[in-house]
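Input: a single structure, listed below in structure tokens.
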Amino acid sequence: MTPDFKDIVPKFRFEGVFLSAGIYGTGHIHDTYALVFQLDRDVRRYILQRINQKVFKDPEGVQSNIQLVTAHLRRKIIAAGGDPQRETLNLILTLDGSSYYRTVDGDYWRSFDFVEGARTYDCVENPDHVYNAAKAFGNFQNMLSDFPAEQLVETIPNFHHTGKRYQAFLAAVESDSVNRAPFCQPEIDFVTQRAAKTSVLTDMLARDELPERVTHNDTKFNNVMIDDLTGEGICIVDLDTVMPGLSLYDFGDAIRSMATTAAEDEADLSRVNFDLAVYRRYAHGYLDAAGEILTPREIEQLPFSAILMTFECGMRFLTDHLEGDTYYKIHRQNHNLDRCRTQFKLVSDMEKKFDTMTEIIEGYRQEI
């Protein structure tokens with residue numbers, strides 16, 4: 001259903017005269033629109049989003065996290081002589097000073113400044129972008145290394161608790177609510193054969209072998225904006241899942257997203273492979289930016305984290321497929337199953353190349 005922009009737009013502190021609104025981006029979760037305003041002789045754009053409350057059941061907590069984290073980032077960016085208007089998201093407040101507007105129907109809307117002169121990419125098109133995106137994510141984590149994590153709510157409980165994701169997967173297989181399990185048995189077997197991997201990082205956290213940090217938790221390549229002119233990674237977006245977590249979640253998920261030779265939903269698995277050259281570039285950029293804050297144990301587990309986060313993502317796609325596609329937006333039949341298969345193909349390829357992945361990290365570790 002098309003939103004009533006004439007009702008929503010006046011609730012925010014936008015500048016200029018509202019001209020138009022259109023669907024924007026390729027995100028799976030929220031409804032996102034680009035708004036266009038006339039401001040004197042210039043045109044100004046904003047991002048407007050309706051928060052998906054099926055996924056984020058505490059939208060006010062999500063917005064509180066974003067407001068706290070972006071304020072902290074602004075202070076760090078200003079202190080470093082950067083441009084806070086382009087290097088972090090900037091919330092547009094409502095007329096009453098809130099970070100969100102709640103409609104009479106219970107929908108939650110929020111808005112951000114549109115970052116001009118930069119864009120996101122669903123797939124890596126330029127090798128230099130990998131190093132620059134890695135530096136951006138590493139800098140993001142570095143700037144938040146002194147943020148008091150206790151101020152943040154857990155926006156999705158156990159988001160990267162792979163063991164609990166595995167239990168949810170087993171429950172979906174058992175219930176088979178839409179009768180899909182018989183048609184994806186190879187994928188189900190792929191998961192169960194790797195059950196022992198699911199608890200490795202959370203067990204290490206429980207033993208205090210890994211530090212809990214404020215992390216992004218969804219470091220896909222298309223969550224960093226790349227400057228059109230310089231190719232630098234300038235702004236980290238999609239902050240809904242910024243909360244306490246492990247640095248390994250951020251590194252692993254970024255590798256999953258970037259070091260692949262095909263799109264996340266590629267149906268032809270012969271085109272899906274793990275790209276060691278991209279992995280090498282990302283590891284270099286990430287450790288250049290965040291290496292000084294990471295412990296030796298964290299650095300040691302970076303290669304495994306890439307496998308685990310890719311496996312977890314594929315398992316989540318498979319779980320959603322088995323449950324009738326209730327979480328991720330789909331655009332064709334078996335869309336989540338296709339997404340699952342690409343992730344599992346990457347896992348298999350990473351497992352074969354694990355020794356080389358480890359050698360690469362060890363090489364960069366010596367430079368820190």
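Residue numbering restarts at 1 in every chain; chains get A, B, ... in the order shown in the structure tokens, and ligands count up from 1 in that same order.
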(request) Just the residues within 8 Å of stretch 72-82 of chain A, please, counting only C-alpha atoms, with nothing from its chain fewer than 2 positions along; format it as a PyMOL selection string. (result) chain A and resi 68-70+84+87-88+143-144+147
Take the residues from that selection and write them out as an mmCIF file, in the first residue's frame, keeping N, CA and C atoms.
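File produced: again34.cif:
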```
data_model
loop_
_atom_site.group_PDB
_atom_site.id
_atom_site.type_symbol
_atom_site.label_atom_id
_atom_site.label_comp_id
_atom_site.auth_asym_id
_atom_site.auth_seq_id
_atom_site.Cartn_x
_atom_site.Cartn_y
_atom_site.Cartn_z
ATOM 1 N N LEU A 68 22.033 7.394 19.676
ATOM 2 C CA LEU A 68 23.204 7.408 20.542
ATOM 3 C C LEU A 68 24.491 7.160 19.757
ATOM 4 N N VAL A 69 24.457 6.173 18.887
ATOM 5 C CA VAL A 69 25.665 5.790 18.159
ATOM 6 C C VAL A 69 26.071 6.869 17.156
ATOM 7 N N THR A 70 25.117 7.418 16.414
ATOM 8 C CA THR A 70 25.480 8.441 15.424
ATOM 9 C C THR A 70 25.983 9.717 16.099
ATOM 10 N N PRO A 84 31.089 15.305 9.222
ATOM 11 C CA PRO A 84 30.034 14.501 9.848
ATOM 12 C C PRO A 84 28.755 14.424 9.019
ATOM 13 N N GLU A 87 30.024 11.383 6.651
ATOM 14 C CA GLU A 87 30.738 10.222 7.170
ATOM 15 C C GLU A 87 29.950 9.434 8.206
ATOM 16 N N THR A 88 28.749 9.866 8.514
ATOM 17 C CA THR A 88 27.839 9.075 9.330
ATOM 18 C C THR A 88 26.421 9.456 8.953
ATOM 19 N N MET A 143 36.043 3.562 16.081
ATOM 20 C CA MET A 143 35.447 4.748 16.704
ATOM 21 C C MET A 143 34.477 4.384 17.813
ATOM 22 N N LEU A 144 33.883 3.203 17.727
ATOM 23 C CA LEU A 144 32.920 2.779 18.749
ATOM 24 C C LEU A 144 33.561 1.943 19.845
ATOM 25 N N PHE A 147 32.683 3.244 23.196
ATOM 26 C CA PHE A 147 31.277 3.543 23.464
ATOM 27 C C PHE A 147 30.758 2.602 24.548
#
```
Which residues of stretch 227-305 of chain A come within 12 Å of stretch 27-37 of chain A, and for each one, what is the closest pair of atoms and their distance in Å to one decimal, counting only C-alpha atoms, sorted by chain and residue number, as CSV?
```
residue,atom,partner,partner_atom,distance
A:Val237,CA,A:Gly27,CA,11.5
A:Asp238,CA,A:Gly27,CA,9.5
A:Asp240,CA,A:His30,CA,10.4
A:Glu264,CA,A:His28,CA,12.0
```
For the selection you just gave me, I'd like the residues written to a file as a tab-separated table (two decimals), in the first residue's frame, keeping C-alpha atoms.
```tsv
chain	number	residue	atom	x	y	z
A	237	VAL	CA	24.49	2.66	6.78
A	238	ASP	CA	21.76	0.31	8.03
A	240	ASP	CA	19.40	-1.22	12.99
A	264	GLU	CA	23.59	-13.39	-3.27
```
(message) I'd like the interatomic distance between atom CA of A:Asp128 and atom CA of A:Val115, to a tenth of an Å.
(response)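 Answer for the atom CA of A:Asp128 to atom CA of A:Val115 separation: 20.7 Å.
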Contact check, stretch 120-197 of chain A to stretch 317-329 of chain A, at most 8 Å, counting only C-alpha atoms, closest pairs as JSON lines:
```
{"residue": "A:Ala168", "atom": "CA", "partner": "A:Thr319", "partner_atom": "CA", "distance": 7.4}
{"residue": "A:Phe169", "atom": "CA", "partner": "A:Thr319", "partner_atom": "CA", "distance": 5.2}
{"residue": "A:Ala172", "atom": "CA", "partner": "A:Leu322", "partner_atom": "CA", "distance": 6.1}
{"residue": "A:Val173", "atom": "CA", "partner": "A:Leu322", "partner_atom": "CA", "distance": 6.8}
{"residue": "A:Asp176", "atom": "CA", "partner": "A:Leu322", "partner_atom": "CA", "distance": 6.2}
{"residue": "A:Ser177", "atom": "CA", "partner": "A:Glu323", "partner_atom": "CA", "distance": 6.1}
{"residue": "A:Val178", "atom": "CA", "partner": "A:Gly324", "partner_atom": "CA", "distance": 6.1}
{"residue": "A:Asn179", "atom": "CA", "partner": "A:Leu322", "partner_atom": "CA", "distance": 7.6}
{"residue": "A:Arg180", "atom": "CA", "partner": "A:Leu322", "partner_atom": "CA", "distance": 5.8}
{"residue": "A:Ala181", "atom": "CA", "partner": "A:Leu322", "partner_atom": "CA", "distance": 6.5}
{"residue": "A:Glu187", "atom": "CA", "partner": "A:Leu318", "partner_atom": "CA", "distance": 7.8}
```
Give me a file of those residues, with N, CA and C atoms, as a short mmCIF file (atom, residue, chain, number, x, y, z; two decimals), in the first residue's frame.
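Written file, result_28.cif:
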```cif
data_model
loop_
_atom_site.label_atom_id
_atom_site.label_comp_id
_atom_site.auth_asym_id
_atom_site.auth_seq_id
_atom_site.Cartn_x
_atom_site.Cartn_y
_atom_site.Cartn_z
N ALA A 168 16.61 -22.99 15.83
CA ALA A 168 15.44 -22.50 15.08
C ALA A 168 15.33 -23.23 13.75
N PHE A 169 16.46 -23.51 13.13
CA PHE A 169 16.46 -24.28 11.88
C PHE A 169 15.89 -25.68 12.11
N ALA A 172 12.23 -25.58 12.41
CA ALA A 172 11.57 -25.36 11.11
C ALA A 172 11.52 -26.65 10.30
N VAL A 173 12.59 -27.42 10.37
CA VAL A 173 12.60 -28.72 9.67
C VAL A 173 11.56 -29.65 10.27
N ASP A 176 7.99 -28.22 9.44
CA ASP A 176 7.78 -28.22 7.98
C ASP A 176 6.40 -27.67 7.63
N SER A 177 6.14 -26.45 8.09
CA SER A 177 4.80 -25.87 8.05
C SER A 177 4.24 -25.67 6.65
N VAL A 178 5.10 -25.54 5.65
CA VAL A 178 4.60 -25.35 4.28
C VAL A 178 5.06 -26.48 3.35
N ASN A 179 5.46 -27.60 3.95
CA ASN A 179 5.78 -28.82 3.20
C ASN A 179 6.88 -28.60 2.17
N ARG A 180 7.98 -28.01 2.62
CA ARG A 180 9.10 -27.77 1.70
C ARG A 180 10.32 -28.63 2.02
N ALA A 181 10.38 -29.21 3.20
CA ALA A 181 11.56 -29.96 3.62
C ALA A 181 11.94 -31.09 2.66
N GLU A 187 20.31 -29.55 1.30
CA GLU A 187 20.65 -28.35 2.07
C GLU A 187 20.48 -28.60 3.57
#
```
(message) Which residue is closest to A:Phe114? Choose from A:Glu154, A:Phe14, A:Phe159, A:Arg316 and count only C-alpha atoms.
(response)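 Using only C-alpha atoms, the shortest distance to A:Phe114 belongs to A:Phe14.
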(request) For each of A:Pro148, A:Gly25, A:Gly231, A:Gly106, take the minimum atom-to-atom distance to A:Glu60, counting only C-alpha atoms, then give the residue where this is smallest. (result) A:Gly106
(request) as a ChimeraX atom specification, list the residues of stretch 112-255 of chain A assigned to alpha helix (DSSP H) by DSSP on the backbone atoms of this structure. (result) /A:127-143,162-175,185-192,200-206,247-255
(message) Give me the residues near A:Asp355 as a VMD selection string, where near means some atom within 12 Å (using only C-alpha atoms) and where sequence neighbours in that chain fewer than 5 positions away do not count.
(response) chain A and resid 276 303 to 304 349 to 350 360 to 362
(request) Tell me, as a PyMOL selection string, which residues lie within 8 Å of A:Thr202, counting only C-alpha atoms; anything in the same chain fewer than 2 positions away does not count. (result) chain A and resi 161-163+199-200+204-206
(request) Could you check which of A:Leu269, A:Leu294, A:Ala289, A:Leu308 is closest to A:Pro211, using only C-alpha atoms? (result)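 Distance minimum relative to A:Pro211 lands on A:Leu294.
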